[in-house]
>>> print(open('work.cif').read())   # mmCIF, C-alpha atoms
data_start
loop_
_atom_site.label_atom_id
_atom_site.label_comp_id
_atom_site.auth_asym_id
_atom_site.auth_seq_id
_atom_site.Cartn_x
_atom_site.Cartn_y
_atom_site.Cartn_z
CA MET B 23 -10.61 22.80 -11.49
CA ASP B 24 -13.02 24.62 -9.17
CA SER B 25 -14.18 21.56 -7.23
CA VAL B 26 -12.88 18.11 -6.27
CA GLU B 27 -15.10 15.17 -7.18
CA LEU B 28 -14.94 11.38 -6.85
CA GLU B 29 -13.24 11.00 -10.24
CA HIS B 30 -10.19 13.00 -9.15
CA PHE B 31 -9.45 10.54 -6.33
CA LEU B 32 -10.17 7.55 -8.58
CA VAL B 33 -7.60 8.82 -11.11
CA VAL B 34 -4.95 9.23 -8.38
CA GLY B 35 -5.76 5.71 -7.16
CA ALA B 36 -5.56 4.27 -10.69
CA VAL B 37 -2.16 5.89 -11.35
CA LEU B 38 -0.80 4.61 -8.01
CA PHE B 39 -2.12 1.12 -8.80
CA GLY B 40 -0.46 1.22 -12.23
CA VAL B 41 2.91 2.22 -10.75
CA GLY B 42 2.61 -0.53 -8.12
CA LEU B 43 1.66 -3.15 -10.71
CA TYR B 44 4.58 -2.13 -12.92
CA MET B 45 7.04 -2.31 -10.00
CA SER B 46 5.82 -5.67 -8.71
CA LEU B 47 6.15 -7.22 -12.18
CA ALA B 48 9.31 -5.57 -13.52
CA LYS B 49 11.67 -5.03 -10.58
CA ARG B 50 14.53 -7.48 -10.13
CA ASN B 51 15.09 -6.79 -6.43
CA PHE B 52 12.65 -8.67 -4.17
CA VAL B 53 12.28 -5.58 -1.96
CA GLY B 54 11.28 -3.56 -5.05
CA VAL B 55 8.53 -6.09 -5.76
CA LEU B 56 7.26 -5.68 -2.17
CA ILE B 57 7.27 -1.87 -2.50
CA GLY B 58 5.08 -2.28 -5.61
CA ILE B 59 2.63 -4.46 -3.69
CA GLU B 60 2.43 -1.88 -0.88
CA LEU B 61 1.71 0.85 -3.47
CA MET B 62 -1.16 -1.25 -4.87
CA PHE B 63 -2.60 -1.73 -1.33
CA ASN B 64 -2.49 2.05 -0.84
CA ALA B 65 -4.17 2.74 -4.17
CA VAL B 66 -7.02 0.40 -3.21
CA ASN B 67 -7.32 2.04 0.22
CA LEU B 68 -7.60 5.50 -1.36
CA THR B 69 -10.33 4.23 -3.67
CA PHE B 70 -12.26 2.70 -0.73
CA ILE B 71 -12.08 5.96 1.25
CA ALA B 72 -13.12 8.06 -1.77
CA PHE B 73 -16.16 5.84 -2.46
CA SER B 74 -17.01 5.88 1.24
CA ARG B 75 -17.01 9.70 1.22
CA PHE B 76 -18.89 10.35 -2.04
CA VAL B 77 -21.20 7.47 -2.94
CA GLU B 78 -24.75 7.04 -1.64
CA SER B 79 -24.89 4.24 0.96
CA ALA B 80 -26.87 3.15 4.01
CA GLU B 81 -23.65 2.54 6.00
CA PRO B 82 -20.98 4.83 4.50
CA LEU B 83 -18.33 4.02 7.13
CA SER B 84 -18.12 0.38 6.00
CA GLY B 85 -15.46 1.56 3.54
CA HIS B 86 -13.33 2.78 6.44
CA VAL B 87 -13.71 -0.54 8.28
CA PHE B 88 -12.63 -2.35 5.11
CA VAL B 89 -9.53 -0.16 4.92
CA VAL B 90 -8.67 -1.06 8.53
CA PHE B 91 -8.79 -4.75 7.55
CA VAL B 92 -6.72 -4.13 4.41
CA ILE B 93 -4.05 -2.37 6.49
CA THR B 94 -4.03 -5.28 8.98
CA VAL B 95 -3.57 -7.86 6.25
CA ALA B 96 -0.93 -5.66 4.55
CA ALA B 97 1.05 -5.49 7.80
CA ALA B 98 0.93 -9.29 8.19
CA GLU B 99 1.92 -9.73 4.54
CA ALA B 100 4.85 -7.31 4.85
CA ALA B 101 6.19 -9.06 7.97
CA VAL B 102 6.09 -12.54 6.39
CA ALA B 103 7.36 -11.41 2.97
CA LEU B 104 10.33 -9.51 4.41
CA ALA B 105 11.16 -12.51 6.61
CA LEU B 106 11.13 -14.60 3.42
CA ALA B 107 13.46 -12.06 1.76
CA VAL B 108 15.96 -12.33 4.63
CA LEU B 109 15.68 -16.15 4.53
CA LEU B 110 16.26 -16.27 0.76
CA TYR B 111 19.27 -14.01 1.16
CA ARG B 112 20.67 -16.33 3.82
CA MET B 113 20.25 -19.40 1.58
CA ARG B 114 21.12 -18.00 -1.88
CA ASP B 115 23.09 -14.81 -1.07
CA THR B 116 20.85 -12.83 -3.41
CA ILE B 117 17.29 -11.47 -3.50
CA ASP B 118 17.28 -10.96 -7.27
CA VAL B 119 14.02 -12.55 -8.44
CA ASP B 120 15.50 -13.20 -11.92
CA ARG B 121 17.97 -15.60 -10.28
CA MET B 122 15.32 -17.51 -8.29
CA ASP B 123 15.32 -20.37 -10.79
CA LEU B 124 15.57 -23.51 -8.63
CA LEU B 125 12.45 -24.96 -10.27
CA LYS B 126 13.75 -24.38 -13.81
CA TRP B 127 14.90 -27.60 -15.61
CA MET P 16 -16.17 19.56 -2.16
CA GLU P 17 -15.95 23.09 -3.44
CA ASP P 18 -14.29 25.18 -0.75
CA THR P 19 -10.99 26.62 -1.96
CA GLY P 20 -8.86 25.14 0.84
CA THR P 21 -9.88 21.56 0.05
CA VAL P 22 -9.39 22.03 -3.69
CA VAL P 23 -5.91 23.55 -3.29
CA ALA P 24 -4.94 20.88 -0.74
CA PHE P 25 -6.16 18.11 -3.05
CA TRP P 26 -4.13 19.32 -6.04
CA ILE P 27 -0.94 19.85 -4.03
CA LEU P 28 -1.26 16.45 -2.31
CA ALA P 29 -2.22 14.65 -5.52
CA VAL P 30 0.83 16.06 -7.35
CA ILE P 31 3.14 15.14 -4.42
CA THR P 32 1.67 11.62 -4.12
CA VAL P 33 1.71 10.75 -7.81
CA GLY P 34 5.11 12.39 -8.40
CA ALA P 35 6.69 10.54 -5.48
CA ALA P 36 5.10 7.25 -6.61
CA VAL P 37 6.57 7.64 -10.10
CA GLY P 38 9.89 8.48 -8.43
CA VAL P 39 9.71 5.27 -6.38
CA ALA P 40 9.68 3.29 -9.62
CA ALA P 41 12.20 5.50 -11.45
CA VAL P 42 15.12 6.17 -9.05
CA ARG P 43 18.11 3.84 -9.26
CA ASN P 44 18.98 3.51 -5.57
CA LEU P 45 16.65 1.35 -3.47
CA ILE P 46 17.16 3.48 -0.33
CA HIS P 47 16.06 6.62 -2.23
CA SER P 48 13.12 4.60 -3.49
CA VAL P 49 12.00 3.86 0.09
CA ALA P 50 12.44 7.55 1.03
CA LEU P 51 10.11 8.52 -1.84
CA LEU P 52 7.73 5.73 -0.77
CA ILE P 53 7.46 7.44 2.64
CA VAL P 54 6.59 10.71 0.85
CA THR P 55 3.87 8.84 -1.07
CA PHE P 56 2.43 7.41 2.17
CA GLY P 57 2.45 10.90 3.74
CA GLY P 58 0.69 12.40 0.71
CA LEU P 59 -1.95 9.68 0.91
CA ALA P 60 -2.50 10.48 4.61
CA GLY P 61 -3.14 14.09 3.55
CA LEU P 62 -5.59 12.94 0.86
CA TYR P 63 -7.46 10.91 3.51
CA ILE P 64 -7.81 14.10 5.58
CA THR P 65 -9.31 15.94 2.59
CA LEU P 66 -11.81 13.04 2.44
CA SER P 67 -12.59 13.64 6.18
CA ALA P 68 -11.16 10.20 7.11
CA ASP P 69 -9.21 11.38 10.16
CA PHE P 70 -8.79 7.96 11.83
CA ILE P 71 -7.57 6.28 8.65
CA ALA P 72 -5.11 9.15 8.07
CA VAL P 73 -3.56 8.64 11.51
CA VAL P 74 -3.48 4.86 11.02
CA GLN P 75 -1.80 5.41 7.64
CA VAL P 76 1.00 7.44 9.26
CA LEU P 77 1.38 4.97 12.15
CA ILE P 78 1.29 1.69 10.22
CA TYR P 79 2.68 2.55 6.78
CA ILE P 80 5.29 5.20 7.63
CA GLY P 81 6.01 4.00 11.16
CA ALA P 82 6.03 0.24 10.62
CA ILE P 83 6.04 -0.96 7.02
CA ALA P 84 8.54 1.60 5.64
CA ILE P 85 10.89 0.84 8.55
CA LEU P 86 10.43 -2.91 7.93
CA ILE P 87 11.38 -2.41 4.26
CA ILE P 88 14.50 -0.44 5.26
CA PHE P 89 15.38 -3.29 7.66
CA ALA P 90 15.05 -5.81 4.84
CA ILE P 91 17.38 -3.70 2.65
CA VAL P 92 20.09 -3.28 5.30
CA LEU P 93 19.86 -6.97 6.30
CA THR P 94 20.71 -8.02 2.72
CA PRO P 95 23.93 -6.01 2.18
CA ARG P 96 25.54 -8.13 -0.56
CA ALA P 97 22.35 -8.32 -2.64
CA GLY P 98 22.92 -4.85 -4.11
CA ARG P 99 20.97 -1.64 -3.66
CA LEU P 100 20.06 -1.26 -7.31
CA ASN P 101 16.41 -0.76 -8.20
CA GLN P 102 16.71 -1.91 -11.82
CA GLU P 103 14.19 -3.75 -13.97
CA GLY P 104 14.45 -7.30 -15.24
CA PHE P 105 13.43 -8.73 -18.63
CA MET P 106 9.74 -8.05 -17.84
CA LEU P 107 10.19 -4.26 -18.29
CA LEU P 108 8.14 -3.71 -21.45
CA PRO P 109 5.31 -6.23 -20.80
CA ALA P 110 4.93 -4.90 -17.25
CA LEU P 111 4.87 -1.28 -18.48
CA ALA P 112 2.26 -2.14 -21.12
CA LEU P 113 0.07 -4.03 -18.64
CA ALA P 114 0.32 -1.27 -16.00
CA VAL P 115 -0.62 1.46 -18.52
CA LEU P 116 -3.48 -0.71 -19.79
CA VAL P 117 -4.86 -1.43 -16.29
CA ALA P 118 -4.55 2.18 -15.10
CA GLY P 119 -6.06 3.46 -18.36
CA THR P 120 -9.00 1.08 -18.07
CA MET P 121 -9.66 2.13 -14.47
CA ILE P 122 -9.49 5.84 -15.37
CA PHE P 123 -11.85 5.28 -18.33
CA VAL P 124 -14.32 3.34 -16.16
CA SER P 125 -14.22 5.96 -13.39
CA PHE P 126 -15.25 8.68 -15.89
CA ASP P 127 -17.64 6.48 -17.87
CA THR P 128 -19.69 5.16 -14.93
CA ASN P 129 -22.59 7.17 -13.57
CA TRP P 130 -21.78 6.94 -9.84
CA ALA P 131 -24.61 7.35 -7.30
CA ILE P 132 -23.10 10.49 -5.77
CA SER P 133 -24.63 11.48 -2.45
CA ASP P 134 -24.81 15.10 -1.31
CA ARG P 135 -24.01 14.48 2.37
CA GLU P 136 -21.27 16.41 4.12
CA GLY P 137 -18.00 14.83 5.32
CA PHE P 138 -17.98 12.71 8.48
CA ASP P 139 -17.20 14.62 11.68
CA ASP P 140 -16.10 11.81 14.03
CA THR P 141 -15.07 8.59 12.32
CA ALA P 142 -13.05 6.91 15.12
CA THR P 143 -16.07 6.28 17.38
CA ALA P 144 -18.23 5.01 14.53
CA ILE P 145 -15.47 2.73 13.20
CA GLY P 146 -14.97 1.30 16.70
CA ASP P 147 -18.70 0.62 17.03
CA LEU P 148 -18.80 -1.10 13.64
CA LEU P 149 -15.67 -3.18 14.36
CA LEU P 150 -17.06 -4.59 17.61
CA ASP P 151 -20.64 -4.93 16.43
CA ARG P 152 -21.32 -5.85 12.81
CA TYR P 153 -17.71 -6.74 11.90
CA ALA P 154 -16.83 -8.52 15.17
CA LEU P 155 -16.06 -11.88 13.49
CA PRO P 156 -13.70 -10.47 10.79
CA PHE P 157 -12.08 -8.42 13.58
CA GLU P 158 -11.30 -11.58 15.58
CA ILE P 159 -10.09 -13.42 12.46
CA ALA P 160 -7.78 -10.48 11.65
CA SER P 161 -6.26 -10.66 15.15
CA VAL P 162 -5.59 -14.40 14.75
CA LEU P 163 -4.09 -13.72 11.30
CA LEU P 164 -1.74 -11.07 12.74
CA LEU P 165 -0.63 -13.40 15.56
CA THR P 166 0.00 -16.23 13.10
CA ALA P 167 1.95 -13.95 10.76
CA ILE P 168 4.15 -12.62 13.58
CA VAL P 169 4.90 -16.11 14.92
CA GLY P 170 5.55 -17.32 11.37
CA ALA P 171 7.92 -14.45 10.61
CA ILE P 172 9.89 -15.08 13.81
CA LEU P 173 10.02 -18.82 13.06
CA LEU P 174 11.25 -18.21 9.49
CA VAL P 175 14.19 -15.94 10.31
CA ARG P 176 15.28 -17.83 13.46
CA PRO P 177 18.87 -19.00 13.02
CA GLU P 178 19.44 -22.73 12.47
CA GLY P 179 19.79 -24.69 15.71
CA ALA P 180 18.60 -21.82 17.89
CA GLU P 181 16.65 -24.12 20.23
CA GLU P 182 19.76 -26.14 21.16
CA GLU P 183 21.53 -22.96 22.22
CA THR P 184 18.77 -22.03 24.64
CA GLU P 185 18.89 -25.41 26.42
#
>>> encode(input="work.cif", output="structure tokens")
Amino acid sequence: MDSVELEHFLVVGAVLFGVGLYMSLAKRNFVGVLIGIELMFNAVNLTFIAFSRFVESAEPLSGHVFVVFVITVAAAEAAVALALAVLLYRMRDTIDVDRMDLLKW
Amino acid sequence: MEDTGTVVAFWILAVITVGAAVGVAAVRNLIHSVALLIVTFGGLAGLYITLSADFIAVVQVLIYIGAIAILIIFAIVLTPRAGRLNQEGFMLLPALALAVLVAGTMIFVSFDTNWAISDREGFDDTATAIGDLLLDRYALPFEIASVLLLTAIVGAILLVRPEGAEEETE
């Protein structure tokens, strides 16, 4: 515990990704699913930044640029997905993903 | 990174971040879940600072805490009759098994792989360098990202517009 290495950050990122994956698959509320997806984005960002800091590379800041793009796409995704949540609520009066069964015969 | 300040900061921030993330999945009330999500985002911003990524840390606070968390709270309060419960559906056990499996695999790989660790110091000024890269080597993805954002914003407005809104404006 006397120094912080790449593996420490990778473990934090892996645990965050696991929690996000669990939430996006298991939660019944649509907003809970979105929170899980945001957690997975953040886990990936942390991993990018950790690799960018520690690993040998000709252009180490490329990891940071990638994170900027990930955040941009995450913002666009959040805006559209939350608009869809509000739209679903207006049509069906619920955002419970277990009750989104219009395609079920 | 061996100086005591960084090591202590990493452990405190890692415990806060992981603990809050587990809390996000565990608490019953969705509003409390979003509050803990904000703590997770803040802890991650601190972890970015320990990795000398100052620009990304500020962007994390601005975009994730300032925009996305607020957007999620808006979505919750705009769906009042949908319930504020954060409970799991029938996928609870398969999802838990898959998440543990994926996280375990990633942790195993991160310890098993022999990473090409460099011995360089942390960056001292990332904002200037990121700006140079964005407008030089990554100029085309930068432009595409701006078009994507514009499309997403217009699409989101179009989706939630009330029915027959254009007749009212005539």
>>> resolve_selection(input="work.cif", expression="the PyMOL selection byres ((chain P and resi 32) around 9)", output="number ranges by chain")
B: 34, 38; P: 27-31, 33-37, 54-59, 62
>>> interface_residues(input="work.cif", of="chain P", to="chain B", cutoff="7 Å", atoms="only C-alpha atoms", output="JSON list (two decimals) with C-alpha atoms, keeping the file's coordinate frame")
[["chain", "number", "residue", "atom", "x", "y", "z"],
["P", 16, "MET", "CA", -16.17, 19.56, -2.16],
["P", 17, "GLU", "CA", -15.95, 23.09, -3.44],
["P", 22, "VAL", "CA", -9.39, 22.03, -3.69],
["P", 29, "ALA", "CA", -2.22, 14.65, -5.52],
["P", 33, "VAL", "CA", 1.71, 10.75, -7.81],
["P", 36, "ALA", "CA", 5.10, 7.25, -6.61],
["P", 37, "VAL", "CA", 6.57, 7.64, -10.10],
["P", 40, "ALA", "CA", 9.68, 3.29, -9.62],
["P", 66, "LEU", "CA", -11.81, 13.04, 2.44],
["P", 83, "ILE", "CA", 6.04, -0.96, 7.02],
["P", 90, "ALA", "CA", 15.05, -5.81, 4.84],
["P", 93, "LEU", "CA", 19.86, -6.97, 6.30],
["P", 94, "THR", "CA", 20.71, -8.02, 2.72],
["P", 97, "ALA", "CA", 22.35, -8.32, -2.64],
["P", 101, "ASN", "CA", 16.41, -0.76, -8.20],
["P", 102, "GLN", "CA", 16.71, -1.91, -11.82],
["P", 103, "GLU", "CA", 14.19, -3.75, -13.97],
["P", 104, "GLY", "CA", 14.45, -7.30, -15.24],
["P", 106, "MET", "CA", 9.74, -8.05, -17.84],
["P", 107, "LEU", "CA", 10.19, -4.26, -18.29],
["P", 110, "ALA", "CA", 4.93, -4.90, -17.25],
["P", 111, "LEU", "CA", 4.87, -1.28, -18.48],
["P", 114, "ALA", "CA", 0.32, -1.27, -16.00],
["P", 115, "VAL", "CA", -0.62, 1.46, -18.52],
["P", 117, "VAL", "CA", -4.86, -1.43, -16.29],
["P", 118, "ALA", "CA", -4.55, 2.18, -15.10],
["P", 121, "MET", "CA", -9.66, 2.13, -14.47],
["P", 122, "ILE", "CA", -9.49, 5.84, -15.37],
["P", 125, "SER", "CA", -14.22, 5.96, -13.39],
["P", 126, "PHE", "CA", -15.25, 8.68, -15.89],
["P", 130, "TRP", "CA", -21.78, 6.94, -9.84],
["P", 131, "ALA", "CA", -24.61, 7.35, -7.30],
["P", 132, "ILE", "CA", -23.10, 10.49, -5.77],
["P", 133, "SER", "CA", -24.63, 11.48, -2.45],
["P", 137, "GLY", "CA", -18.00, 14.83, 5.32],
["P", 145, "ILE", "CA", -15.47, 2.73, 13.20],
["P", 149, "LEU", "CA", -15.67, -3.18, 14.36],
["P", 160, "ALA", "CA", -7.78, -10.48, 11.65],
["P", 164, "LEU", "CA", -1.74, -11.07, 12.74],
["P", 167, "ALA", "CA", 1.95, -13.95, 10.76],
["P", 168, "ILE", "CA", 4.15, -12.62, 13.58],
["P", 170, "GLY", "CA", 5.55, -17.32, 11.37],
["P", 171, "ALA", "CA", 7.92, -14.45, 10.61],
["P", 174, "LEU", "CA", 11.25, -18.21, 9.49],
["P", 175, "VAL", "CA", 14.19, -15.94, 10.31]]
>>> atom_distance(input="work.cif", atom1="CA of Arg121 in chain B", atom2="CA of Leu51 in chain P")
26.7 Å
>>> atom_distance(input="work.cif", atom1="CA of Ala24 in chain P", atom2="CA of Gly81 in chain P")
23.4 Å
>>> atom_distance(input="work.cif", atom1="CA of Leu113 in chain P", atom2="CA of Phe63 in chain B")
17.7 Å
>>> build_atoms(input="work.cif", residues="range 46-70 of chain P", atoms="N, CA and C atoms", output="PDB file, in the frame of the given file")
ATOM      1  N   ILE P  46      17.395   2.682  -1.534  1.00  0.00           N
ATOM      2  CA  ILE P  46      17.160   3.480  -0.330  1.00  0.00           C
ATOM      3  C   ILE P  46      16.400   4.773  -0.673  1.00  0.00           C
ATOM      4  N   HIS P  47      16.794   5.427  -1.791  1.00  0.00           N
ATOM      5  CA  HIS P  47      16.060   6.620  -2.230  1.00  0.00           C
ATOM      6  C   HIS P  47      14.621   6.254  -2.572  1.00  0.00           C
ATOM      7  N   SER P  48      14.458   5.061  -3.142  1.00  0.00           N
ATOM      8  CA  SER P  48      13.120   4.600  -3.490  1.00  0.00           C
ATOM      9  C   SER P  48      12.235   4.506  -2.252  1.00  0.00           C
ATOM     10  N   VAL P  49      12.799   3.965  -1.142  1.00  0.00           N
ATOM     11  CA  VAL P  49      12.000   3.860   0.090  1.00  0.00           C
ATOM     12  C   VAL P  49      11.711   5.250   0.651  1.00  0.00           C
ATOM     13  N   ALA P  50      12.684   6.182   0.552  1.00  0.00           N
ATOM     14  CA  ALA P  50      12.440   7.550   1.030  1.00  0.00           C
ATOM     15  C   ALA P  50      11.264   8.171   0.283  1.00  0.00           C
ATOM     16  N   LEU P  51      11.238   7.986  -1.060  1.00  0.00           N
ATOM     17  CA  LEU P  51      10.110   8.520  -1.840  1.00  0.00           C
ATOM     18  C   LEU P  51       8.814   7.789  -1.510  1.00  0.00           C
ATOM     19  N   LEU P  52       8.928   6.486  -1.159  1.00  0.00           N
ATOM     20  CA  LEU P  52       7.730   5.730  -0.770  1.00  0.00           C
ATOM     21  C   LEU P  52       7.112   6.346   0.490  1.00  0.00           C
ATOM     22  N   ILE P  53       7.966   6.792   1.429  1.00  0.00           N
ATOM     23  CA  ILE P  53       7.460   7.440   2.640  1.00  0.00           C
ATOM     24  C   ILE P  53       6.724   8.733   2.278  1.00  0.00           C
ATOM     25  N   VAL P  54       7.279   9.498   1.299  1.00  0.00           N
ATOM     26  CA  VAL P  54       6.590  10.710   0.850  1.00  0.00           C
ATOM     27  C   VAL P  54       5.214  10.357   0.270  1.00  0.00           C
ATOM     28  N   THR P  55       5.152   9.272  -0.511  1.00  0.00           N
ATOM     29  CA  THR P  55       3.870   8.840  -1.070  1.00  0.00           C
ATOM     30  C   THR P  55       2.871   8.517   0.035  1.00  0.00           C
ATOM     31  N   PHE P  56       3.324   7.746   1.059  1.00  0.00           N
ATOM     32  CA  PHE P  56       2.430   7.410   2.170  1.00  0.00           C
ATOM     33  C   PHE P  56       1.945   8.667   2.876  1.00  0.00           C
ATOM     34  N   GLY P  57       2.853   9.649   3.075  1.00  0.00           N
ATOM     35  CA  GLY P  57       2.450  10.900   3.740  1.00  0.00           C
ATOM     36  C   GLY P  57       1.430  11.669   2.903  1.00  0.00           C
ATOM     37  N   GLY P  58       1.658  11.725   1.574  1.00  0.00           N
ATOM     38  CA  GLY P  58       0.690  12.400   0.710  1.00  0.00           C
ATOM     39  C   GLY P  58      -0.670  11.733   0.764  1.00  0.00           C
ATOM     40  N   LEU P  59      -0.674  10.393   0.826  1.00  0.00           N
ATOM     41  CA  LEU P  59      -1.950   9.680   0.910  1.00  0.00           C
ATOM     42  C   LEU P  59      -2.656   9.991   2.228  1.00  0.00           C
ATOM     43  N   ALA P  60      -1.890  10.112   3.331  1.00  0.00           N
ATOM     44  CA  ALA P  60      -2.500  10.480   4.610  1.00  0.00           C
ATOM     45  C   ALA P  60      -3.174  11.841   4.481  1.00  0.00           C
ATOM     46  N   GLY P  61      -2.520  12.789   3.772  1.00  0.00           N
ATOM     47  CA  GLY P  61      -3.140  14.090   3.550  1.00  0.00           C
ATOM     48  C   GLY P  61      -4.414  13.974   2.724  1.00  0.00           C
ATOM     49  N   LEU P  62      -4.382  13.130   1.687  1.00  0.00           N
ATOM     50  CA  LEU P  62      -5.590  12.940   0.860  1.00  0.00           C
ATOM     51  C   LEU P  62      -6.731  12.366   1.694  1.00  0.00           C
ATOM     52  N   TYR P  63      -6.401  11.447   2.646  1.00  0.00           N
ATOM     53  CA  TYR P  63      -7.460  10.910   3.510  1.00  0.00           C
ATOM     54  C   TYR P  63      -8.080  12.021   4.341  1.00  0.00           C
ATOM     55  N   ILE P  64      -7.254  13.000   4.783  1.00  0.00           N
ATOM     56  CA  ILE P  64      -7.810  14.100   5.580  1.00  0.00           C
ATOM     57  C   ILE P  64      -8.750  14.945   4.727  1.00  0.00           C
ATOM     58  N   THR P  65      -8.385  15.196   3.435  1.00  0.00           N
ATOM     59  CA  THR P  65      -9.310  15.940   2.590  1.00  0.00           C
ATOM     60  C   THR P  65     -10.613  15.178   2.373  1.00  0.00           C
ATOM     61  N   LEU P  66     -10.584  13.842   2.547  1.00  0.00           N
ATOM     62  CA  LEU P  66     -11.810  13.040   2.440  1.00  0.00           C
ATOM     63  C   LEU P  66     -12.484  12.879   3.799  1.00  0.00           C
ATOM     64  N   SER P  67     -12.066  13.650   4.804  1.00  0.00           N
ATOM     65  CA  SER P  67     -12.590  13.640   6.180  1.00  0.00           C
ATOM     66  C   SER P  67     -12.469  12.257   6.822  1.00  0.00           C
ATOM     67  N   ALA P  68     -11.424  11.497   6.483  1.00  0.00           N
ATOM     68  CA  ALA P  68     -11.160  10.200   7.110  1.00  0.00           C
ATOM     69  C   ALA P  68     -10.009  10.369   8.097  1.00  0.00           C
ATOM     70  N   ASP P  69     -10.300  11.006   9.245  1.00  0.00           N
ATOM     71  CA  ASP P  69      -9.210  11.380  10.160  1.00  0.00           C
ATOM     72  C   ASP P  69      -8.552  10.140  10.771  1.00  0.00           C
ATOM     73  N   PHE P  70      -9.366   9.147  11.191  1.00  0.00           N
ATOM     74  CA  PHE P  70      -8.790   7.960  11.830  1.00  0.00           C
ATOM     75  C   PHE P  70      -7.892   7.197  10.868  1.00  0.00           C
TER      76      PHE P  70
END
